[in-house]
Every structure is written in C-alpha cells, then in structure tokens.
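Engineer: Got query_6.cif for you, mmCIF, C-alpha atoms:
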data_query
loop_
_atom_site.label_atom_id
_atom_site.label_comp_id
_atom_site.auth_asym_id
_atom_site.auth_seq_id
_atom_site.Cartn_x
_atom_site.Cartn_y
_atom_site.Cartn_z
CA MET K 1 102.41 103.66 -33.43
CA GLU K 2 99.97 102.24 -30.89
CA GLN K 3 101.86 104.03 -28.16
CA ASP K 4 101.52 107.32 -30.06
CA VAL K 5 97.77 106.86 -30.38
CA GLN K 6 97.48 106.20 -26.63
CA LEU K 7 99.57 109.26 -25.83
CA VAL K 8 97.42 111.41 -28.10
CA GLN K 9 94.30 110.17 -26.32
CA GLN K 10 95.85 111.04 -22.96
CA CYS K 11 96.89 114.46 -24.23
CA LEU K 12 93.34 115.17 -25.34
CA GLN K 13 92.20 114.31 -21.82
CA GLY K 14 94.55 116.94 -20.44
CA ASP K 15 97.53 114.79 -19.45
CA GLY K 16 100.56 117.08 -19.68
CA SER K 17 103.05 114.28 -19.12
CA ALA K 18 101.70 112.45 -22.18
CA TRP K 19 102.31 115.55 -24.27
CA GLU K 20 105.82 115.84 -22.86
CA GLU K 21 106.45 112.21 -23.83
CA LEU K 22 105.26 112.88 -27.38
CA VAL K 23 107.58 115.88 -27.62
CA ARG K 24 110.55 113.91 -26.33
CA GLN K 25 109.92 111.04 -28.76
CA HIS K 26 109.51 113.12 -31.91
CA ASN K 27 111.48 116.33 -31.48
CA ARG K 28 114.73 114.86 -32.84
CA ARG K 29 113.11 113.61 -36.03
CA VAL K 30 111.25 116.86 -36.67
CA PHE K 31 114.39 118.89 -35.98
CA ASN K 32 116.35 116.84 -38.48
CA ILE K 33 113.73 117.29 -41.20
CA CYS K 34 113.74 121.04 -40.58
CA TYR K 35 117.51 121.27 -40.49
CA ARG K 36 118.04 119.23 -43.63
CA PHE K 37 115.47 121.31 -45.45
CA THR K 38 116.67 124.74 -44.31
CA GLY K 39 120.37 124.07 -43.72
CA ASN K 40 120.21 126.51 -40.83
CA ARG K 41 120.27 125.38 -37.20
CA THR K 42 118.54 128.43 -35.75
CA GLU K 43 115.74 128.28 -38.29
CA ALA K 44 115.39 124.56 -37.72
CA GLU K 45 115.00 125.15 -33.98
CA ASP K 46 112.35 127.84 -34.47
CA LEU K 47 110.49 125.77 -37.02
CA THR K 48 110.51 122.71 -34.76
CA GLN K 49 108.89 124.75 -32.00
CA ASP K 50 106.31 126.05 -34.48
CA VAL K 51 105.56 122.50 -35.62
CA PHE K 52 104.89 121.29 -32.09
CA LEU K 53 102.83 124.37 -31.32
CA ARG K 54 100.71 123.66 -34.39
CA ILE K 55 100.42 119.99 -33.44
CA TYR K 56 99.40 120.92 -29.88
CA ARG K 57 96.67 123.25 -31.10
CA THR K 58 95.28 120.87 -33.72
CA LEU K 59 95.74 117.59 -31.88
CA GLY K 60 92.01 117.03 -31.86
CA SER K 61 91.96 116.86 -35.65
CA TYR K 62 94.29 113.85 -35.80
CA ARG K 63 92.57 110.68 -37.00
CA SER K 64 94.45 107.41 -36.63
CA ALA K 65 92.40 105.90 -39.47
CA HIS K 66 94.09 108.29 -41.91
CA GLY K 67 97.60 107.20 -41.03
CA GLY K 68 100.19 107.05 -38.29
CA PHE K 69 100.82 109.94 -35.92
CA ALA K 70 104.40 110.26 -37.19
CA THR K 71 103.13 110.61 -40.76
CA TRP K 72 100.66 113.30 -39.69
CA MET K 73 103.39 115.12 -37.81
CA THR K 74 105.67 114.93 -40.87
CA SER K 75 102.89 116.37 -42.99
CA VAL K 76 102.47 119.34 -40.62
CA THR K 77 106.25 119.81 -40.63
CA ARG K 78 106.40 119.80 -44.41
CA ASN K 79 103.57 122.36 -44.69
CA LEU K 80 105.29 124.72 -42.29
CA LEU K 81 108.58 124.29 -44.12
CA ILE K 82 107.00 125.23 -47.43
CA ASP K 83 105.27 128.23 -45.85
CA HIS K 84 108.57 129.31 -44.33
CA TYR K 85 110.34 128.88 -47.64
CA ARG K 86 107.85 131.06 -49.45
CA ARG K 87 107.97 133.69 -46.74
CA THR K 88 111.74 133.89 -46.74
CA LYS K 89 112.25 133.56 -50.50
CA ARG K 90 113.01 137.24 -50.81
CA ASP K 91 115.50 137.25 -47.97
CA ARG K 92 117.42 134.19 -49.04
CA ALA K 93 119.84 136.01 -51.29
CA THR K 94 121.04 138.19 -48.40
CA ASP K 95 121.50 135.41 -45.87
CA SER K 96 124.97 135.46 -44.36
CA LEU K 97 127.28 132.63 -45.18
CA ASP K 98 127.69 131.87 -41.46
CA ASP K 99 124.02 131.06 -41.06
CA ALA K 100 124.12 128.80 -44.06
CA MET K 101 127.24 126.95 -42.92
CA PRO K 102 126.25 123.46 -41.98
CA VAL K 103 126.89 122.24 -38.48
CA VAL K 104 129.71 119.79 -37.93
CA GLU K 105 127.80 116.67 -37.02
CA ASN K 106 129.53 113.37 -36.45
CA LYS K 107 128.29 112.62 -32.99
CA GLU K 108 128.38 108.92 -33.77
CA SER K 109 131.78 108.87 -35.41
CA SER K 110 133.83 109.70 -32.34
CA ALA K 111 135.95 106.61 -32.94
CA LYS K 112 137.34 108.03 -36.18
CA ARG K 113 140.65 109.84 -36.43
CA PRO K 114 140.52 113.65 -36.36
CA ASP K 115 141.46 113.93 -40.04
CA GLU K 116 138.76 111.41 -40.98
CA GLN K 117 136.25 113.31 -38.89
CA ALA K 118 137.23 116.58 -40.54
CA LEU K 119 136.84 115.00 -43.97
CA LEU K 120 133.46 113.54 -43.07
CA GLY K 121 132.34 116.87 -41.68
CA GLU K 122 133.44 118.65 -44.85
CA LEU K 123 131.66 116.13 -47.08
CA SER K 124 128.51 116.34 -44.94
CA GLY K 125 128.65 120.09 -45.26
CA GLN K 126 128.96 119.86 -49.04
CA VAL K 127 126.02 117.47 -49.28
CA GLN K 128 123.94 119.75 -47.04
CA THR K 129 124.83 122.74 -49.20
CA ALA K 130 123.88 120.79 -52.32
CA LEU K 131 120.55 119.83 -50.72
CA THR K 132 119.65 123.44 -50.03
CA LYS K 133 120.29 124.24 -53.71
CA LEU K 134 117.54 121.87 -54.84
CA SER K 135 114.10 123.27 -55.48
CA PRO K 136 111.74 122.79 -52.49
CA GLU K 137 109.62 120.13 -54.24
CA LEU K 138 112.64 117.98 -55.06
CA ARG K 139 114.34 118.72 -51.76
CA GLU K 140 111.42 117.60 -49.61
CA ALA K 141 111.06 114.39 -51.64
CA VAL K 142 114.75 113.52 -51.28
CA VAL K 143 114.82 114.43 -47.56
CA LEU K 144 111.77 112.31 -46.79
CA ARG K 145 112.93 109.34 -48.85
CA ASP K 146 116.68 109.22 -48.38
CA LEU K 147 117.13 110.86 -44.98
CA GLN K 148 113.94 109.96 -43.16
CA GLN K 149 113.61 106.54 -44.86
CA LEU K 150 109.88 106.96 -45.46
CA GLU K 151 108.13 104.56 -47.82
CA TYR K 152 106.61 105.85 -51.07
CA GLY K 153 103.11 105.46 -49.65
CA GLU K 154 103.91 107.56 -46.58
CA ILE K 155 105.55 110.26 -48.69
CA GLN K 156 102.46 110.27 -50.90
CA ARG K 157 100.29 110.96 -47.82
CA VAL K 158 102.65 113.63 -46.52
CA LEU K 159 102.91 115.50 -49.82
CA ALA K 160 99.33 114.78 -50.85
CA VAL K 161 100.34 113.96 -54.43
CA PRO K 162 100.02 110.75 -56.47
CA GLU K 163 102.64 108.06 -56.00
CA GLY K 164 103.88 108.53 -59.58
CA THR K 165 104.61 112.17 -58.78
CA VAL K 166 106.47 111.12 -55.63
CA LYS K 167 108.68 108.71 -57.61
CA SER K 168 109.31 111.29 -60.29
CA ARG K 169 110.34 113.95 -57.76
CA ILE K 170 112.64 111.57 -55.93
CA ASN K 171 114.26 110.52 -59.16
CA ARG K 172 114.74 114.05 -60.44
CA GLY K 173 115.91 115.20 -57.03
CA ARG K 174 118.60 112.55 -56.84
CA ILE K 175 119.83 113.26 -60.37
CA GLU K 176 119.87 116.99 -59.71
CA LEU K 177 121.69 116.50 -56.40
CA ALA K 178 124.34 114.41 -58.16
CA ARG K 179 124.76 117.12 -60.79
CA ILE K 180 125.16 119.83 -58.11
CA LEU K 181 127.71 117.75 -56.21
CA GLN K 182 129.70 117.26 -59.42
CA GLN K 183 129.64 120.99 -60.04
CA MET K 184 130.91 121.55 -56.50
CA GLY K 185 133.78 119.17 -57.22
CA VAL K 186 132.58 116.30 -55.04
CA ARG K 187 133.37 113.34 -57.22
CA PRO K 188 132.95 109.61 -56.72
CA SER K 189 135.98 108.11 -54.99
CA MET B 1 114.03 94.98 -76.09
CA ASN B 2 116.09 98.07 -76.86
CA TRP B 3 116.80 99.91 -73.67
CA THR B 4 117.21 103.66 -74.12
CA CYS B 5 119.00 106.37 -72.20
CA GLU B 6 115.64 107.98 -71.42
CA GLN B 7 114.47 104.78 -69.81
CA THR B 8 117.69 104.64 -67.81
CA GLU B 9 117.12 108.15 -66.48
CA LEU B 10 113.41 107.56 -65.84
CA LEU B 11 113.88 104.30 -63.96
CA LEU B 12 117.16 105.15 -62.25
CA SER B 13 115.60 105.53 -58.78
CA ASP B 14 113.63 102.33 -59.15
CA TYR B 15 116.83 100.55 -60.12
CA LEU B 16 118.73 101.98 -57.13
CA ASP B 17 115.85 101.09 -54.78
CA GLY B 18 115.66 97.53 -56.16
CA LEU B 19 112.15 97.96 -57.52
CA LEU B 20 112.81 96.76 -61.07
CA SER B 21 112.03 93.21 -62.14
CA ALA B 22 114.87 90.80 -62.89
CA ALA B 23 114.44 91.22 -66.63
CA GLU B 24 114.38 95.02 -66.38
CA THR B 25 117.44 94.99 -64.15
CA HIS B 26 119.28 92.86 -66.68
CA GLU B 27 118.38 95.20 -69.52
CA PHE B 28 119.33 98.20 -67.41
CA ASP B 29 122.76 96.77 -66.55
CA ALA B 30 123.41 95.71 -70.12
CA HIS B 31 122.67 99.20 -71.42
CA VAL B 32 124.57 101.11 -68.70
CA ASN B 33 127.68 98.98 -69.10
CA THR B 34 127.91 99.95 -72.77
CA CYS B 35 126.56 103.51 -72.76
CA ALA B 36 129.04 106.38 -72.46
CA ARG B 37 126.31 108.74 -71.25
CA CYS B 38 124.51 106.51 -68.78
CA THR B 39 127.57 105.05 -67.05
CA PRO B 40 128.72 108.34 -65.44
CA LEU B 41 125.10 109.26 -64.68
CA VAL B 42 124.44 106.06 -62.73
CA SER B 43 127.84 106.35 -61.05
CA SER B 44 127.30 109.95 -59.94
CA VAL B 45 123.76 109.33 -58.66
CA THR B 46 124.90 106.23 -56.78
CA HIS B 47 127.67 108.26 -55.21
CA ALA B 48 125.30 111.10 -54.27
CA LEU B 49 122.93 108.60 -52.69
CA SER B 50 125.68 107.03 -50.61
CA ARG B 51 126.70 110.50 -49.39
CA LEU B 52 123.09 111.24 -48.49
CA HIS B 53 122.71 108.02 -46.54
CA ALA B 54 125.96 108.75 -44.70
CA LEU B 55 124.62 112.03 -43.30
CA PRO B 56 124.30 111.61 -39.54
CA GLN B 57 121.34 112.56 -37.39
CA ILE B 58 121.71 115.97 -35.80
CA GLU B 59 121.19 116.29 -32.07
CA PRO B 60 118.78 119.12 -31.28
CA PRO B 61 119.78 121.52 -28.50
CA ALA B 62 118.85 120.33 -25.03
CA ARG B 63 116.73 123.39 -24.34
CA LEU B 64 114.49 122.68 -27.37
CA VAL B 65 112.20 120.32 -25.48
CA TYR B 66 111.81 122.78 -22.61
CA ASN B 67 111.11 125.66 -25.00
CA ILE B 68 108.41 123.59 -26.70
CA LEU B 69 106.85 122.61 -23.37
CA ASP B 70 106.94 126.21 -22.17
CA LYS B 71 105.18 127.41 -25.30
CA THR B 72 102.53 124.69 -25.20
CA LEU B 73 101.95 123.83 -21.55
CA GLY B 74 103.10 127.15 -20.22
CA PRO B 75 106.01 127.82 -17.87
CA ARG B 76 106.17 125.06 -15.32
CA GLU B 77 106.78 125.44 -11.60
CA THR B 78 110.20 124.61 -10.37
CA VAL B 79 110.19 121.07 -9.12
CA THR B 80 111.59 120.64 -5.65
CA GLY B 81 112.24 117.88 -3.20
CA TRP B 82 112.12 114.24 -4.23
CA ALA B 83 110.34 115.13 -7.49
CA ALA B 84 113.38 117.14 -8.54
CA VAL B 85 115.68 114.24 -7.67
CA LEU B 86 113.50 111.80 -9.62
CA ALA B 87 113.34 114.19 -12.58
CA TRP B 88 117.12 114.36 -12.57
CA PHE B 89 117.37 110.58 -12.56
CA ARG B 90 115.01 110.37 -15.52
CA GLY B 91 117.95 111.18 -17.76
CA PHE B 92 119.48 107.87 -16.80
CA ASN B 93 116.63 105.98 -18.42
CA ALA B 94 118.76 105.67 -21.52
CA GLN B 95 120.22 102.18 -21.50
CA ARG B 96 123.72 103.32 -22.27
CA LEU B 97 123.69 105.59 -19.21
CA ALA B 98 121.98 103.12 -16.90
CA TYR B 99 124.83 100.61 -17.08
CA GLY B 100 127.42 103.28 -16.37
CA GLY B 101 125.32 104.71 -13.57
CA VAL B 102 124.90 101.32 -11.87
CA SER B 103 128.65 100.64 -12.14
CA LEU B 104 129.38 104.05 -10.63
CA CYS B 105 126.99 103.43 -7.73
CA ALA B 106 128.47 100.00 -7.05
CA MET B 107 131.98 101.45 -7.05
CA PHE B 108 130.94 104.25 -4.70
CA LEU B 109 129.29 101.78 -2.30
CA THR B 110 132.38 99.57 -2.32
CA VAL B 111 134.71 102.48 -1.63
CA ALA B 112 132.41 103.86 1.08
CA SER B 113 132.21 100.48 2.82
CA PHE B 114 135.96 100.04 2.63
CA THR B 115 136.51 103.46 4.17
CA SER B 116 134.18 102.57 7.10
CA PHE B 117 131.57 105.14 6.12
CA ASN B 118 128.82 105.14 8.74
CA TRP B 119 125.57 104.40 6.88
CA LYS B 120 123.42 104.81 9.99
CA LYS B 121 124.73 108.28 10.74
CA PRO B 122 126.09 109.61 7.47
CA ARG B 123 127.92 112.88 7.56
CA VAL B 124 129.21 114.98 4.73
CA ALA B 125 132.49 115.41 6.65
CA ASP B 126 133.08 111.66 6.30
CA LEU B 127 133.47 112.17 2.57
CA SER B 128 136.35 114.62 2.90
CA PRO B 129 139.62 113.26 1.46
CA ALA B 130 141.40 113.35 4.83
CA ASN B 131 138.68 111.31 6.57
CA VAL B 132 138.45 108.91 3.65
CA TYR B 133 142.22 108.36 3.86
CA ARG B 134 142.12 107.81 7.62
CA GLY B 135 139.24 105.37 7.34
CA ALA B 136 140.90 103.48 4.52
CA ASP B 137 144.20 103.35 6.43
CA ARG B 138 142.51 102.04 9.57
CA GLN B 139 140.59 99.43 7.59
CA ALA B 140 143.75 98.33 5.80
CA HIS B 141 145.61 97.88 9.09
CA LEU B 142 142.69 95.96 10.61
CA VAL B 143 142.53 93.64 7.63
CA TYR B 144 146.30 93.11 7.77
CA ALA B 145 146.27 92.37 11.49
CA ARG B 146 143.41 89.90 11.16
CA SER B 147 145.08 88.18 8.23
CA ALA B 148 148.38 87.94 10.09
CA LYS B 149 146.67 86.49 13.18
CA TYR B 150 144.82 83.97 11.05
CA VAL B 151 148.02 82.83 9.36
CA SER B 152 149.78 82.66 12.70
CA ASP B 153 146.98 80.57 14.21
CA LEU B 154 147.21 78.22 11.28
CA ARG B 155 150.93 77.90 11.90
CA VAL B 156 150.38 77.10 15.56
CA VAL B 157 147.89 74.38 14.74
CA TYR B 158 150.29 72.92 12.23
CA GLU B 159 153.18 73.01 14.68
CA ILE B 160 151.13 71.33 17.37
CA GLN B 161 149.96 68.63 15.03
CA SER B 162 153.41 67.90 13.74
CA ARG B 163 154.98 67.80 17.21
CA LEU B 164 152.28 65.55 18.54
CA GLN B 165 152.90 63.24 15.64
CA ARG B 166 156.59 63.23 16.31
CA SER B 167 156.17 62.60 20.02
CA ASP B 168 153.86 59.70 19.27
CA GLU B 169 156.49 58.16 17.03
CA LEU B 170 159.29 58.27 19.66
CA PRO B 171 160.13 54.78 21.10
CA GLY B 172 159.97 55.90 24.80
CA SER B 173 156.55 57.15 24.65
CA GLN B 174 155.20 54.01 23.10
CA ASP B 175 156.77 51.84 25.82
CA SER B 176 155.22 53.91 28.49
CA THR B 177 151.71 53.10 27.53
CA THR B 178 151.78 49.62 26.13
CA PRO B 179 152.33 47.02 28.70
CA GLN B 180 155.03 44.64 27.56
CA ALA B 181 155.03 40.98 28.16
CA ALA B 182 157.45 40.03 30.90
CA PRO B 183 160.40 37.97 29.64
CA ASP B 184 160.38 34.39 30.62
CA LYS B 185 162.43 34.06 33.81
CA ASN B 186 162.87 31.26 36.20
CA PRO B 187 162.46 32.40 39.76
CA GLY B 188 165.83 33.24 41.31
CA SER B 189 167.73 33.34 38.00
CA THR B 190 168.75 36.07 35.48
CA ASP B 191 169.11 35.99 31.66
CA GLY B 192 172.14 38.32 31.61
CA THR B 193 170.40 41.18 29.82
CA ALA B 194 170.39 44.76 30.96
CA PRO B 195 167.47 45.69 33.02
CA ALA B 196 164.57 46.92 30.80
CA SER B 197 163.20 50.58 30.81
CA PRO B 198 160.33 51.22 33.15
CA LYS B 199 157.40 49.27 31.87
CA GLN B 200 154.87 51.87 32.83
CA GLN B 201 155.26 55.61 32.98
CA ASN B 202 153.21 57.84 35.06
CA ARG B 203 150.30 59.10 32.98
CA ALA B 204 150.73 62.52 34.54
CA ASN B 205 154.29 62.63 33.21
CA ASP B 206 153.01 61.76 29.75
CA LEU B 207 150.44 64.56 29.87
CA GLY B 208 153.10 66.89 31.12
CA SER B 209 155.29 66.16 28.14
CA ARG B 210 152.42 67.04 25.80
CA ALA B 211 151.85 70.26 27.73
CA ILE B 212 155.52 71.10 27.28
CA VAL B 213 155.16 70.51 23.50
CA LEU B 214 152.07 72.75 23.38
CA ALA B 215 153.78 75.47 25.38
CA ALA B 216 156.83 75.37 23.15
CA ALA B 217 154.68 75.73 20.03
CA CYS B 218 152.44 78.53 21.35
CA PRO B 219 153.83 81.90 20.22
CA VAL B 220 151.95 83.82 22.91
CA CYS B 221 153.99 82.09 25.58
CA SER B 222 157.24 82.68 23.75
CA GLU B 223 159.20 85.87 24.00
CA GLY B 224 158.81 86.84 20.33
CA GLY B 225 155.02 86.74 20.28
CA ILE B 226 152.88 88.92 17.90
CA ARG B 227 152.24 92.45 19.11
#
Could you write out this structure as structure tokens?
Structural biologist:
Amino acid sequence: MEQDVQLVQQCLQGDGSAWEELVRQHNRRVFNICYRFTGNRTEAEDLTQDVFLRIYRTLGSYRSAHGGFATWMTSVTRNLLIDHYRRTKRDRATDSLDDAMPVVENKESSAKRPDEQALLGELSGQVQTALTKLSPELREAVVLRDLQQLEYGEIQRVLAVPEGTVKSRINRGRIELARILQQMGVRPS
Amino acid sequence: MNWTCEQTELLLSDYLDGLLSAAETHEFDAHVNTCARCTPLVSSVTHALSRLHALPQIEPPARLVYNILDKTLGPRETVTGWAAVLAWFRGFNAQRLAYGGVSLCAMFLTVASFTSFNWKKPRVADLSPANVYRGADRQAHLVYARSAKYVSDLRVVYEIQSRLQRSDELPGSQDSTTPQAAPDKNPGSTDGTAPASPKQQNRANDLGSRAIVLAAACPVCSEGGIR
C-alpha cells in the first residue's frame, strides 16, 4: 500500500513511469473483477481501460486517509460496472451466446490431465454463467468477497453501504448462486 | 436455545466464514444435522462456495497495458537502441523467468567457449551450424590430444621410476658402488675361491646404464612413438 501511495505521488508530479507501474500492478485484478461481473472478455477489456482512464483523470482526488489505493480503484471499477450494466440492460437479451461463453481459463492447472482440464473448464464456465445470472447487487458482493477476497470493511467502503447490508448481500448472493447451480444441474460431488 | 431454519439461513455466511461463536456454531451444527431442509441448503451453498474459490485468475491480453498507456499517456515513441534492449529484458524481471534466463545464458556461454567462439572479434558467421561444428570438432581433438599426451607422460614417468628401482635392486650395481672389504689374505697365498667381481665400476659406465634405461623407456626415441 505504501508503494502505491508513493507511485500516486510520483504520477501527480508527472512521472509517466510511475503511472505505468501502477497500471502493470493493478490491471490484472481490475480485469478479473470486470470479467467476473460481465462474463464477457471483450467487455471486460473495454471496461478495464475505462477504469484506468477514469483513475488517471481523477488521480488528484485520491486521499490515502480514506483507504488504500486498491480499495479506491475497486470502488471506481464497481461504479463503472454498475453504469455499464444499466446502460446495457436493454441489450442483454439479444447478446449472442458466443459473447457470453466463458473463457477456458486454467492457466495454472497445466499439470492436470486433458480430461480433468476439460472438466474444470466446464465447471468454471457453469459457475461463471451462474454468476452472471445473479442480480448486480448480489453479484458484486459475491465477486468482491469470494473472488477478490476483500474483507467486509473494504467491501463496505467500496459499495458505500453499511456492513450489515454487505453481509446480507453476500449471504443472499451465495444462497442464490447455489440455487442457480442446482437448477443448472451442477450438484455437490 | 431453539435454533430455527430462519436463523440457519440468516447466519449461513457467518458460519461458513467462521464468524460465529463456539456456542452458536454448536447450535448451528446440531440443528443442521437434524433438519431435512437445512442440510441440503448448507451442503449446496458450501459446494457453490468451493466452486467459486476454485475459479482461477484470468490473464488479461498482453496488449491491454499498452492500450491503457496509449489512452492515458498518449502514443509513445518507438524505443530504439539500448533502451529497446533494456525494455525487452524487463520482461525477465519475473522470478520464474529470471532463473530460466540465467540458465540459458550460462549454457550459451559454455557452448560458445567450447566451440572456440572469438569473444574479442565476434562474428555472426561464427554462429552458423557448420562453423560451430568445425570449432567443436577442433576443440574435441585438441582436448583428446592433450589428454593422451598427459597420460603418456605419466606412463613414461612411471616406467622410468620402476626401472630405476629395479636397476638399483640388481646385485651388480650395488657392488659397483660400495667398496667391499678385502678378504683376509696372507701375502703370497690364495684361499682357493674364485676371483671376485670388479670391486669398483667406472662411474661413467653406471651413468651410461641409467641413460640406456631412460632411452628404452622414452616413447619419443622408440619407433612407435605418438604422432
């Protein structure tokens, strides 16, 4: 966190390499939040660029006293995701299945057999599909808690809601996700 | 305390995150183990959570960083010269690549040295397969010849040592150097024994015999010497 604060200071003084370092350190995390929320790789890429553009333009408004830089960046990401969701609500019903197909991930499971990898990829795809079926409020809570491993306090700052609301959304999100997975036929082994 | 299904559903996340007290956890477990509704609920949510945690991190496309930098800092000038080389090496900052990169460099240096690559006047032509083969072949022959000569020299030294030892042990050679005490004889009389071997041998003859031993052992002087 200290390193982020130093890099932000250098960016504000016009140091382009500091900005590049910030981008390199955080782009993967932001991309994953966007992808897990949208389920679409192209949209995730565009949204990640929009997030960093917004961050670059409003860097002067960041205050370390209000929280870590990563938390602030996650908050900006979440706001853009919600805006994007509202903008594209009408178009969502006509999205092609190809766009919504989750990417085969498994970069870290290269030691597994091909059939195990295929199974993992299929299960990951089903979980991703189930995630995108959650409502945005529940989805963002589950993504931040269970995929980004944020603490309740951080999620509270990102979503700007009371901690009780955060817990409630996470709980309902998990139960709803389990129900959707059961409906899709993904059952406990 | 009567634990209800509503409490189970309300506190399910706290239970899964380990945030309940010991007493609450006990009540929760006791209820779930006996409730036909709550058992599948807890099981399905636990399963969903494990699936969520098993989702891997997605690698963003490589061009994403450059697109972001272009949009924020503006298109950058093409880096040339040593800056371009250093920028290319930046990718090896990752620890997992650094070890492989160092091993690769060490292997390349070893192979280049073995193939007599000229570091003072490097040429690209020296890296062609034909030149690498010729260099490696020449080096191999040189190493073989030097090793063979070394072994041969060792053999010569051993031969010389062993022959010198043997010649020292022969009875004649000992008599030649050590003066023997003259047998007791009365003047004008004999003791009937055969006349003794020469009491003293010419030192030059003794040196000559050692030279003959050396010459016999030296392969250069022999007909079947090393080419």
Engineer: If we count all atoms listed in the file, which residues of chain K reach to within 6 Å of chain B? Please list them as an MDAnalysis selection string.
Structural biologist: chainID K and resid 49 171 175 178 188
Engineer: Mind telling me what the PyMOL selection byres ((chain K and resi 25) around 12) catches here, as a ChimeraX atom specification?
Structural biologist: /K:1,3-4,7,18-24,26-31,52,69-70,73 /B:65
Engineer: Edge lengths and centre in Å to one decimal, as JSON, is what I'm after for the box along x, y and z that holds all listed atoms of range 49-52 of chain B once 3 Å is added on each side.
Structural biologist:
{"center_x": 124.8, "center_y": 109.1, "center_z": -50.6, "size_x": 9.8, "size_y": 10.2, "size_z": 10.2}
Engineer: If I take CA of Leu138 in chain K and CA of Gly67 in chain K, how far is one from the other in Å, to one decimal?
Structural biologist: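 Separation of CA of Leu138 in chain K and CA of Gly67 in chain K: 23.2 Å.
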Engineer: Work out how far apart CA of Gly60 in chain K and CA of Gln13 in chain K are and give it in Å to one decimal.
Structural biologist: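 Spanning CA of Gly60 in chain K to CA of Gln13 in chain K is a straight-line distance of 10.4 Å.
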Engineer: If you measure from CA of Gln165 in chain B to CA of Ala148 in chain B, what distance in Å do you get, rounded to one decimal?
Structural biologist: 25.7 Å
Engineer: Expand the PyMOL selection byres ((chain K and resi 142) around 9) into the explicit residue set it covers here, and present it as a tab-separated table (two decimals) with C-alpha atoms, keeping the file's coordinate frame.
Structural biologist:
chain	number	residue	atom	x	y	z
K	131	LEU	CA	120.55	119.83	-50.72
K	137	GLU	CA	109.62	120.13	-54.24
K	138	LEU	CA	112.64	117.98	-55.06
K	139	ARG	CA	114.34	118.72	-51.76
K	140	GLU	CA	111.42	117.60	-49.61
K	141	ALA	CA	111.06	114.39	-51.64
K	143	VAL	CA	114.82	114.43	-47.56
K	144	LEU	CA	111.77	112.31	-46.79
K	145	ARG	CA	112.93	109.34	-48.85
K	146	ASP	CA	116.68	109.22	-48.38
K	147	LEU	CA	117.13	110.86	-44.98
K	148	GLN	CA	113.94	109.96	-43.16
K	169	ARG	CA	110.34	113.95	-57.76
K	170	ILE	CA	112.64	111.57	-55.93
K	171	ASN	CA	114.26	110.52	-59.16
K	173	GLY	CA	115.91	115.20	-57.03
K	174	ARG	CA	118.60	112.55	-56.84
Engineer: Could you tell me, as a list of chain:residue names, exactly which residues end up selected when the PyMOL selection byres ((chain K and resi 159) around 10) is applied to this structure?
Structural biologist: K:Thr74, K:Ser75, K:Val76, K:Arg78, K:Asn79, K:Glu137, K:Glu140, K:Ala141, K:Leu144, K:Glu154, K:Ile155, K:Gln156, K:Arg157, K:Val158, K:Ala160, K:Val161, K:Pro162, K:Glu163, K:Thr165, K:Val166
Engineer: Pick the closest to Asn118 in chain B from B:Val132, B:Ala140, B:Val157, B:Cys105: which is it, counting only C-alpha atoms?
Structural biologist: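 Selected residue with least distance to Asn118 in chain B: B:Val132.
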Engineer: Considering only C-alpha atoms, return as a PyMOL selection string whatever protein or nucleic-acid residues lie within 12 Å of Leu47 in chain K, sequence-local ones (same chain, fewer than 2 positions apart) excluded.
Structural biologist: (chain K and resi 27+30-38+40-45+49-54+76-85) or (chain B and resi 64+68)
